[in-house]
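Q: The structure's right below; bear with me while I get my questions together.
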Amino acid sequence: MYRNTDLSDKSKLPSGLYIVATPIGNLQDITIRAIETLKTVDIIYCEDKRQSSVLLSHYSISTPLSSYHEHNAEKMRPVLLEKLQNGSSIALISDAGTPLISDPGYKLVSQCHDLEIKVITIPGPSAPIAALSASGMPSDHFYFGGFLPAKETDRRRCLEEMKNFGHTLIYFETPNRLLSTLEIIKSSLGNRLVCIARELTKTFENIRRGTADELLQYYQSEGVLKGEIVLLIKGAEEKQETLNPHMDQALSCLLQVISTKEASSLVSHLTGMSKKILYDRAIELRRNEDEE
Ligand code: SAM
């Protein structure tokens, strides 16, 4: 299940693009393999050199550092690809967390695959996953929507589109838009359970859960503190659709004179019950009748 890498032999690092996750706040949240990789690659590309220098100097990493961010990506991508094709080992890091998760790098990684350049993942922290795992929200399925739009109408539309989604919703949000977003959740999705995961792994980490209304009241009275936020919303409750004896009776009568599809469609129309559930039940009733 596990594989061990010999981290002492620095000459063995194969050429390729290393996608290296870095801390989302606490400098200690970095893997041994990430540190060794950053020490050993030929060059590290980061979003903001000033930001990444703090991390690199903390771990005495002196590998050359260069920039790859959304404003120079088009220009830099061919440069990186050429280096990789010439046998270099390159690490890509972002300001925090896992590169490419609402951070630059997607086109670069995609082109590496097209050109058969090796892509190696060095996994580690990521704010949405850290938030989900600490939120107590259902976590077996979820939807990650990145940053919610800045414009209120777009934000409302974006959330309304997910109204019937039955699993946890995860978004990045900013403190200055939080109250407005909670209002939208309450009015458009209903008074659902929400979790605000703020400043994870940092000094003022705070994970607060409540209904949209409770959190709205809390932040209205306390004020929204600055910091980085992951917002989680509980998925839509599944409507419990249960067949009742009247539906069975109606189906049985109709099955004498019309097809399974027509009977289930008609009862669905009359009762509002799911056509699929009624169709499955109609097949069952037909089978029972044939067996009798
Ligand atoms: N790639 C990063 C990752 O894997 O975590 C996410 C980058 S995205 C540009 C930055 C957003 O992530 C922030 O605006 C905030 O919403 C969220 N975020 C990052 N660090 C966080 C933290 N320590 N606590 C809460 N949210 C955080």
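By convention here, the chains of the structure tokens are called A, B, ... in the order presented, each chain's residues are numbered starting at 1, and ligands are numbered starting at 1 in the order presented.
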Which residues of stretch 153-265 of chain A sit at most 12 Å from stretch 79-101 of chain A, using only C-alpha atoms? Give each one's shortest atom pair and distance in Å (one decimal place), in chain and ascending residue order, as JSON lines.
A:
```
{"residue": "A:Tyr171", "atom": "CA", "partner": "A:Ile101", "partner_atom": "CA", "distance": 11.6}
{"residue": "A:Phe172", "atom": "CA", "partner": "A:Ile101", "partner_atom": "CA", "distance": 10.9}
{"residue": "A:Leu200", "atom": "CA", "partner": "A:Gly97", "partner_atom": "CA", "distance": 11.3}
{"residue": "A:Thr201", "atom": "CA", "partner": "A:Gly97", "partner_atom": "CA", "distance": 11.5}
{"residue": "A:Glu228", "atom": "CA", "partner": "A:Ala96", "partner_atom": "CA", "distance": 11.4}
```
Q: Around ligand 1, at most 10 Å away and counting only C-alpha atoms and all ligand atoms, which residues are there? Put them as a PyMOL selection string, please.
A: chain A and resi 21-26+93-104+123-131+146-148+171-175+196-207+227-231
Q: Mind checking which residues fall within 6 Å of stretch 50-66 of chain A, counting only C-alpha atoms, ignoring those fewer than 6 positions away in the same chain, and posting them as a ChimeraX atom specification?
A: /A:39,43-44
Q: Let's see if you can do this: from backbone DSSP, list all helix (DSSP H, G or I) residues in stretch 40-245 of chain A, as an mmCIF file with N, CA, C and O atoms, in the first residue's frame.
A:
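Dumped everything to states.cif:
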```
data_model
loop_
_atom_site.group_PDB
_atom_site.id
_atom_site.type_symbol
_atom_site.label_atom_id
_atom_site.label_comp_id
_atom_site.auth_asym_id
_atom_site.auth_seq_id
_atom_site.Cartn_x
_atom_site.Cartn_y
_atom_site.Cartn_z
ATOM 1 N N THR A 40 15.330 19.657 -4.151
ATOM 2 C CA THR A 40 16.070 18.889 -5.150
ATOM 3 C C THR A 40 15.782 19.268 -6.599
ATOM 4 O O THR A 40 16.634 19.063 -7.465
ATOM 5 N N LYS A 49 6.607 35.490 -5.581
ATOM 6 C CA LYS A 49 7.925 35.139 -5.022
ATOM 7 C C LYS A 49 8.071 35.573 -3.567
ATOM 8 O O LYS A 49 8.674 34.863 -2.762
ATOM 9 N N ARG A 50 7.490 36.736 -3.236
ATOM 10 C CA ARG A 50 7.641 37.218 -1.845
ATOM 11 C C ARG A 50 6.976 36.258 -0.872
ATOM 12 O O ARG A 50 7.519 35.898 0.165
ATOM 13 N N GLN A 51 5.784 35.815 -1.249
ATOM 14 C CA GLN A 51 5.014 34.903 -0.395
ATOM 15 C C GLN A 51 5.754 33.569 -0.238
ATOM 16 O O GLN A 51 5.941 33.071 0.872
ATOM 17 N N SER A 52 6.209 32.996 -1.361
ATOM 18 C CA SER A 52 6.841 31.669 -1.305
ATOM 19 C C SER A 52 8.214 31.727 -0.644
ATOM 20 O O SER A 52 8.664 30.732 -0.065
ATOM 21 N N SER A 53 8.881 32.876 -0.721
ATOM 22 C CA SER A 53 10.209 32.994 -0.093
ATOM 23 C C SER A 53 10.133 32.745 1.412
ATOM 24 O O SER A 53 11.075 32.220 2.012
ATOM 25 N N VAL A 54 9.018 33.133 2.012
ATOM 26 C CA VAL A 54 8.866 32.931 3.462
ATOM 27 C C VAL A 54 8.934 31.439 3.774
ATOM 28 O O VAL A 54 9.654 30.995 4.676
ATOM 29 N N LEU A 55 8.189 30.662 2.984
ATOM 30 C CA LEU A 55 8.160 29.205 3.181
ATOM 31 C C LEU A 55 9.544 28.606 2.886
ATOM 32 O O LEU A 55 10.073 27.804 3.671
ATOM 33 N N LEU A 56 10.117 29.010 1.766
ATOM 34 C CA LEU A 56 11.388 28.402 1.349
ATOM 35 C C LEU A 56 12.496 28.730 2.342
ATOM 36 O O LEU A 56 13.305 27.865 2.694
ATOM 37 N N SER A 57 12.537 29.962 2.829
ATOM 38 C CA SER A 57 13.625 30.284 3.772
ATOM 39 C C SER A 57 13.386 29.589 5.113
ATOM 40 O O SER A 57 14.339 29.167 5.775
ATOM 41 N N HIS A 58 12.127 29.398 5.494
ATOM 42 C CA HIS A 58 11.841 28.684 6.747
ATOM 43 C C HIS A 58 12.426 27.272 6.708
ATOM 44 O O HIS A 58 12.874 26.755 7.724
ATOM 45 N N ALA A 73 1.229 33.463 -17.397
ATOM 46 C CA ALA A 73 1.169 32.030 -17.730
ATOM 47 C C ALA A 73 1.300 31.769 -19.234
ATOM 48 O O ALA A 73 2.036 30.873 -19.655
ATOM 49 N N GLU A 74 0.585 32.583 -20.051
ATOM 50 C CA GLU A 74 0.625 32.359 -21.506
ATOM 51 C C GLU A 74 2.058 32.449 -22.017
ATOM 52 O O GLU A 74 2.496 31.659 -22.844
ATOM 53 N N LYS A 75 2.782 33.442 -21.480
ATOM 54 C CA LYS A 75 4.167 33.683 -21.934
ATOM 55 C C LYS A 75 5.115 32.612 -21.366
ATOM 56 O O LYS A 75 6.015 32.132 -22.047
ATOM 57 N N MET A 76 4.882 32.234 -20.126
ATOM 58 C CA MET A 76 5.828 31.333 -19.449
ATOM 59 C C MET A 76 5.634 29.853 -19.792
ATOM 60 O O MET A 76 6.564 29.064 -19.695
ATOM 61 N N ARG A 77 4.416 29.476 -20.183
ATOM 62 C CA ARG A 77 4.144 28.054 -20.410
ATOM 63 C C ARG A 77 5.107 27.415 -21.407
ATOM 64 O O ARG A 77 5.707 26.372 -21.104
ATOM 65 N N PRO A 78 5.335 28.044 -22.582
ATOM 66 C CA PRO A 78 6.285 27.430 -23.526
ATOM 67 C C PRO A 78 7.698 27.325 -22.943
ATOM 68 O O PRO A 78 8.422 26.364 -23.235
ATOM 69 N N VAL A 79 8.071 28.284 -22.100
ATOM 70 C CA VAL A 79 9.413 28.260 -21.488
ATOM 71 C C VAL A 79 9.537 27.037 -20.573
ATOM 72 O O VAL A 79 10.520 26.284 -20.620
ATOM 73 N N LEU A 80 8.527 26.833 -19.751
ATOM 74 C CA LEU A 80 8.547 25.687 -18.828
ATOM 75 C C LEU A 80 8.534 24.363 -19.602
ATOM 76 O O LEU A 80 9.283 23.433 -19.287
ATOM 77 N N LEU A 81 7.690 24.318 -20.642
ATOM 78 C CA LEU A 81 7.580 23.062 -21.411
ATOM 79 C C LEU A 81 8.904 22.724 -22.087
ATOM 80 O O LEU A 81 9.320 21.563 -22.130
ATOM 81 N N GLU A 82 9.592 23.759 -22.569
ATOM 82 C CA GLU A 82 10.885 23.515 -23.226
ATOM 83 C C GLU A 82 11.900 22.977 -22.212
ATOM 84 O O GLU A 82 12.613 22.012 -22.480
ATOM 85 N N LYS A 83 11.927 23.591 -21.046
ATOM 86 C CA LYS A 83 12.849 23.121 -19.992
ATOM 87 C C LYS A 83 12.554 21.658 -19.662
ATOM 88 O O LYS A 83 13.460 20.843 -19.516
ATOM 89 N N LEU A 84 11.266 21.351 -19.523
ATOM 90 C CA LEU A 84 10.881 19.979 -19.163
ATOM 91 C C LEU A 84 11.280 18.999 -20.266
ATOM 92 O O LEU A 84 11.783 17.902 -19.990
ATOM 93 N N GLN A 85 11.088 19.418 -21.518
ATOM 94 C CA GLN A 85 11.457 18.533 -22.639
ATOM 95 C C GLN A 85 12.970 18.338 -22.727
ATOM 96 O O GLN A 85 13.444 17.337 -23.246
ATOM 97 N N TYR A 106 -3.514 24.647 -14.701
ATOM 98 C CA TYR A 106 -4.298 23.621 -15.404
ATOM 99 C C TYR A 106 -3.817 23.394 -16.843
ATOM 100 O O TYR A 106 -3.592 22.261 -17.277
ATOM 101 N N LYS A 107 -3.608 24.494 -17.583
ATOM 102 C CA LYS A 107 -3.193 24.331 -18.988
ATOM 103 C C LYS A 107 -1.794 23.741 -19.077
ATOM 104 O O LYS A 107 -1.494 22.951 -19.963
ATOM 105 N N LEU A 108 -0.951 24.128 -18.126
ATOM 106 C CA LEU A 108 0.430 23.609 -18.120
ATOM 107 C C LEU A 108 0.416 22.088 -17.926
ATOM 108 O O LEU A 108 1.070 21.352 -18.671
ATOM 109 N N VAL A 109 -0.344 21.640 -16.933
ATOM 110 C CA VAL A 109 -0.390 20.199 -16.651
ATOM 111 C C VAL A 109 -1.015 19.461 -17.837
ATOM 112 O O VAL A 109 -0.522 18.403 -18.259
ATOM 113 N N SER A 110 -2.068 20.052 -18.400
ATOM 114 C CA SER A 110 -2.729 19.417 -19.536
ATOM 115 C C SER A 110 -1.738 19.259 -20.704
ATOM 116 O O SER A 110 -1.655 18.197 -21.317
ATOM 117 N N GLN A 111 -0.968 20.309 -20.966
ATOM 118 C CA GLN A 111 -0.009 20.222 -22.085
ATOM 119 C C GLN A 111 1.122 19.245 -21.787
ATOM 120 O O GLN A 111 1.642 18.604 -22.689
ATOM 121 N N CYS A 112 1.504 19.142 -20.520
ATOM 122 C CA CYS A 112 2.530 18.153 -20.153
ATOM 123 C C CYS A 112 2.045 16.751 -20.548
ATOM 124 O O CYS A 112 2.795 15.973 -21.126
ATOM 125 N N HIS A 113 0.779 16.466 -20.241
ATOM 126 C CA HIS A 113 0.248 15.143 -20.600
ATOM 127 C C HIS A 113 0.251 14.962 -22.115
ATOM 128 O O HIS A 113 0.649 13.908 -22.617
ATOM 129 N N ASP A 114 -0.175 16.019 -22.831
ATOM 130 C CA ASP A 114 -0.204 15.915 -24.301
ATOM 131 C C ASP A 114 1.188 15.629 -24.857
ATOM 132 O O ASP A 114 1.338 14.918 -25.836
ATOM 133 N N ALA A 127 -7.482 23.864 1.240
ATOM 134 C CA ALA A 127 -8.483 24.471 2.122
ATOM 135 C C ALA A 127 -9.871 23.820 2.005
ATOM 136 O O ALA A 127 -10.493 23.556 3.036
ATOM 137 N N PRO A 128 -10.386 23.555 0.784
ATOM 138 C CA PRO A 128 -11.741 22.978 0.739
ATOM 139 C C PRO A 128 -11.835 21.620 1.415
ATOM 140 O O PRO A 128 -12.836 21.314 2.070
ATOM 141 N N ILE A 129 -10.797 20.810 1.267
ATOM 142 C CA ILE A 129 -10.841 19.467 1.868
ATOM 143 C C ILE A 129 -10.647 19.563 3.387
ATOM 144 O O ILE A 129 -11.329 18.869 4.153
ATOM 145 N N ALA A 130 -9.741 20.453 3.818
ATOM 146 C CA ALA A 130 -9.550 20.642 5.263
ATOM 147 C C ALA A 130 -10.864 21.107 5.888
ATOM 148 O O ALA A 130 -11.284 20.615 6.943
ATOM 149 N N ALA A 131 -11.541 22.040 5.211
ATOM 150 C CA ALA A 131 -12.810 22.574 5.738
ATOM 151 C C ALA A 131 -13.869 21.478 5.784
ATOM 152 O O ALA A 131 -14.566 21.320 6.789
ATOM 153 N N LEU A 132 -13.972 20.716 4.710
ATOM 154 C CA LEU A 132 -14.988 19.655 4.647
ATOM 155 C C LEU A 132 -14.777 18.648 5.772
ATOM 156 O O LEU A 132 -15.714 18.255 6.469
ATOM 157 N N SER A 133 -13.517 18.257 5.977
ATOM 158 C CA SER A 133 -13.248 17.206 6.965
ATOM 159 C C SER A 133 -13.500 17.692 8.388
ATOM 160 O O SER A 133 -13.710 16.889 9.281
ATOM 161 N N ALA A 134 -13.490 19.007 8.604
ATOM 162 C CA ALA A 134 -13.719 19.524 9.962
ATOM 163 C C ALA A 134 -15.128 20.069 10.143
ATOM 164 O O ALA A 134 -15.485 20.530 11.229
ATOM 165 N N SER A 135 -15.935 20.035 9.077
ATOM 166 C CA SER A 135 -17.241 20.705 9.140
ATOM 167 C C SER A 135 -18.340 19.845 9.752
ATOM 168 O O SER A 135 -19.363 20.366 10.196
ATOM 169 N N GLU A 152 -23.766 40.257 -6.930
ATOM 170 C CA GLU A 152 -24.819 39.594 -6.153
ATOM 171 C C GLU A 152 -25.777 38.772 -7.027
ATOM 172 O O GLU A 152 -26.136 37.645 -6.674
ATOM 173 N N THR A 153 -26.159 39.331 -8.179
ATOM 174 C CA THR A 153 -27.110 38.594 -9.032
ATOM 175 C C THR A 153 -26.481 37.287 -9.543
ATOM 176 O O THR A 153 -27.146 36.256 -9.608
ATOM 177 N N ASP A 154 -25.195 37.341 -9.886
ATOM 178 C CA ASP A 154 -24.513 36.128 -10.368
ATOM 179 C C ASP A 154 -24.386 35.103 -9.241
ATOM 180 O O ASP A 154 -24.494 33.901 -9.443
ATOM 181 N N ARG A 155 -24.151 35.635 -8.045
ATOM 182 C CA ARG A 155 -23.987 34.752 -6.876
ATOM 183 C C ARG A 155 -25.308 34.026 -6.588
ATOM 184 O O ARG A 155 -25.334 32.830 -6.352
ATOM 185 N N ARG A 156 -26.400 34.787 -6.674
ATOM 186 C CA ARG A 156 -27.718 34.192 -6.421
ATOM 187 C C ARG A 156 -28.015 33.117 -7.473
ATOM 188 O O ARG A 156 -28.425 32.005 -7.154
ATOM 189 N N ARG A 157 -27.750 33.436 -8.735
ATOM 190 C CA ARG A 157 -28.022 32.475 -9.819
ATOM 191 C C ARG A 157 -27.189 31.207 -9.621
ATOM 192 O O ARG A 157 -27.669 30.092 -9.722
ATOM 193 N N CYS A 158 -25.915 31.428 -9.270
ATOM 194 C CA CYS A 158 -24.980 30.316 -9.076
ATOM 195 C C CYS A 158 -25.479 29.380 -7.958
ATOM 196 O O CYS A 158 -25.468 28.156 -8.103
ATOM 197 N N LEU A 159 -25.955 29.961 -6.867
ATOM 198 C CA LEU A 159 -26.437 29.144 -5.745
ATOM 199 C C LEU A 159 -27.777 28.494 -6.078
ATOM 200 O O LEU A 159 -28.012 27.339 -5.738
ATOM 201 N N GLU A 160 -28.644 29.264 -6.782
ATOM 202 C CA GLU A 160 -29.957 28.699 -7.128
ATOM 203 C C GLU A 160 -29.826 27.486 -8.045
ATOM 204 O O GLU A 160 -30.616 26.548 -7.956
ATOM 205 N N PRO A 175 -14.763 37.772 3.337
ATOM 206 C CA PRO A 175 -15.501 38.301 4.497
ATOM 207 C C PRO A 175 -16.486 39.403 4.129
ATOM 208 O O PRO A 175 -17.591 39.444 4.657
ATOM 209 N N ASN A 176 -16.114 40.283 3.181
ATOM 210 C CA ASN A 176 -17.014 41.412 2.887
ATOM 211 C C ASN A 176 -18.296 41.001 2.163
ATOM 212 O O ASN A 176 -19.248 41.776 2.093
ATOM 213 N N ARG A 177 -18.335 39.784 1.611
ATOM 214 C CA ARG A 177 -19.557 39.343 0.926
ATOM 215 C C ARG A 177 -20.338 38.305 1.743
ATOM 216 O O ARG A 177 -21.386 37.835 1.333
ATOM 217 N N LEU A 178 -19.796 37.938 2.898
ATOM 218 C CA LEU A 178 -20.386 36.816 3.638
ATOM 219 C C LEU A 178 -21.840 37.059 4.038
ATOM 220 O O LEU A 178 -22.696 36.183 3.850
ATOM 221 N N LEU A 179 -22.151 38.261 4.569
ATOM 222 C CA LEU A 179 -23.531 38.516 5.024
ATOM 223 C C LEU A 179 -24.502 38.427 3.852
ATOM 224 O O LEU A 179 -25.557 37.800 3.954
ATOM 225 N N SER A 180 -24.116 39.036 2.741
ATOM 226 C CA SER A 180 -24.995 39.012 1.569
ATOM 227 C C SER A 180 -25.190 37.575 1.084
ATOM 228 O O SER A 180 -26.305 37.169 0.723
ATOM 229 N N THR A 181 -24.131 36.766 1.112
ATOM 230 C CA THR A 181 -24.247 35.373 0.663
ATOM 231 C C THR A 181 -25.146 34.566 1.603
ATOM 232 O O THR A 181 -25.953 33.750 1.155
ATOM 233 N N LEU A 182 -25.034 34.817 2.902
ATOM 234 C CA LEU A 182 -25.900 34.098 3.854
ATOM 235 C C LEU A 182 -27.373 34.465 3.624
ATOM 236 O O LEU A 182 -28.251 33.619 3.699
ATOM 237 N N GLU A 183 -27.621 35.748 3.304
ATOM 238 C CA GLU A 183 -28.999 36.193 2.976
ATOM 239 C C GLU A 183 -29.499 35.428 1.761
ATOM 240 O O GLU A 183 -30.640 34.951 1.747
ATOM 241 N N ILE A 184 -28.644 35.313 0.752
ATOM 242 C CA ILE A 184 -29.048 34.619 -0.489
ATOM 243 C C ILE A 184 -29.347 33.152 -0.189
ATOM 244 O O ILE A 184 -30.344 32.596 -0.651
ATOM 245 N N ILE A 185 -28.487 32.529 0.619
ATOM 246 C CA ILE A 185 -28.702 31.111 0.948
ATOM 247 C C ILE A 185 -30.063 30.957 1.626
ATOM 248 O O ILE A 185 -30.873 30.104 1.261
ATOM 249 N N LYS A 186 -30.301 31.834 2.608
ATOM 250 C CA LYS A 186 -31.553 31.730 3.371
ATOM 251 C C LYS A 186 -32.768 31.918 2.454
ATOM 252 O O LYS A 186 -33.726 31.150 2.522
ATOM 253 N N SER A 187 -32.708 32.925 1.582
ATOM 254 C CA SER A 187 -33.894 33.192 0.758
ATOM 255 C C SER A 187 -34.010 32.251 -0.443
ATOM 256 O O SER A 187 -35.110 31.946 -0.875
ATOM 257 N N SER A 188 -32.878 31.767 -0.972
ATOM 258 C CA SER A 188 -32.973 30.956 -2.199
ATOM 259 C C SER A 188 -32.913 29.450 -1.946
ATOM 260 O O SER A 188 -33.539 28.685 -2.668
ATOM 261 N N LEU A 189 -32.135 29.028 -0.971
ATOM 262 C CA LEU A 189 -31.986 27.587 -0.741
ATOM 263 C C LEU A 189 -32.763 27.121 0.486
ATOM 264 O O LEU A 189 -32.881 25.925 0.737
ATOM 265 N N ALA A 212 -28.504 29.067 8.166
ATOM 266 C CA ALA A 212 -28.144 30.319 7.488
ATOM 267 C C ALA A 212 -28.601 31.501 8.345
ATOM 268 O O ALA A 212 -27.871 32.485 8.513
ATOM 269 N N ASP A 213 -29.801 31.376 8.932
ATOM 270 C CA ASP A 213 -30.340 32.476 9.727
ATOM 271 C C ASP A 213 -29.538 32.692 11.017
ATOM 272 O O ASP A 213 -29.226 33.826 11.395
ATOM 273 N N GLU A 214 -29.197 31.587 11.681
ATOM 274 C CA GLU A 214 -28.401 31.718 12.930
ATOM 275 C C GLU A 214 -27.060 32.387 12.645
ATOM 276 O O GLU A 214 -26.614 33.266 13.386
ATOM 277 N N LEU A 215 -26.410 31.979 11.550
ATOM 278 C CA LEU A 215 -25.103 32.559 11.242
ATOM 279 C C LEU A 215 -25.234 34.019 10.819
ATOM 280 O O LEU A 215 -24.391 34.854 11.164
ATOM 281 N N LEU A 216 -26.309 34.297 10.128
ATOM 282 C CA LEU A 216 -26.570 35.679 9.713
ATOM 283 C C LEU A 216 -26.687 36.561 10.958
ATOM 284 O O LEU A 216 -26.044 37.614 11.062
ATOM 285 N N GLN A 217 -27.479 36.104 11.911
ATOM 286 C CA GLN A 217 -27.675 36.893 13.141
ATOM 287 C C GLN A 217 -26.349 37.029 13.892
ATOM 288 O O GLN A 217 -26.019 38.094 14.401
ATOM 289 N N TYR A 218 -25.594 35.928 13.941
ATOM 290 C CA TYR A 218 -24.319 35.953 14.665
ATOM 291 C C TYR A 218 -23.364 36.975 14.035
ATOM 292 O O TYR A 218 -22.818 37.841 14.728
ATOM 293 N N TYR A 219 -23.182 36.875 12.717
ATOM 294 C CA TYR A 219 -22.203 37.768 12.072
ATOM 295 C C TYR A 219 -22.708 39.208 11.994
ATOM 296 O O TYR A 219 -21.917 40.139 11.960
ATOM 297 N N GLN A 220 -24.055 39.375 11.986
ATOM 298 C CA GLN A 220 -24.587 40.740 12.005
ATOM 299 C C GLN A 220 -24.265 41.404 13.339
ATOM 300 O O GLN A 220 -23.937 42.578 13.398
ATOM 301 N N SER A 221 -24.332 40.647 14.417
ATOM 302 C CA SER A 221 -24.074 41.270 15.725
ATOM 303 C C SER A 221 -22.584 41.310 16.055
ATOM 304 O O SER A 221 -22.095 42.278 16.626
ATOM 305 N N GLU A 222 -21.841 40.276 15.636
ATOM 306 C CA GLU A 222 -20.411 40.220 15.985
ATOM 307 C C GLU A 222 -19.530 40.961 14.978
ATOM 308 O O GLU A 222 -18.400 41.311 15.273
ATOM 309 N N PRO A 245 -51.232 2.606 -0.611
ATOM 310 C CA PRO A 245 -52.112 1.586 -1.187
ATOM 311 C C PRO A 245 -53.016 2.114 -2.292
ATOM 312 O O PRO A 245 -53.348 1.407 -3.229
#
```
Q: Using DSSP secondary structure from the backbone, list all strand (DSSP E) positions within stretch 120-242 of chain A, as a ChimeraX atom specification.
A: /A:120-122,142-147,168-173,193-198,206-211,229-233
Q: Excluding same-chain residues fewer than 2 positions from A:His69, what lies within 8 Å of it counting only C-alpha atoms, as a list in words?
A: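 Contacts, in chain order: Cys46, Glu47, Asp48, Ser67, His71, Asn72, Ala73 and Pro104 of chain A.
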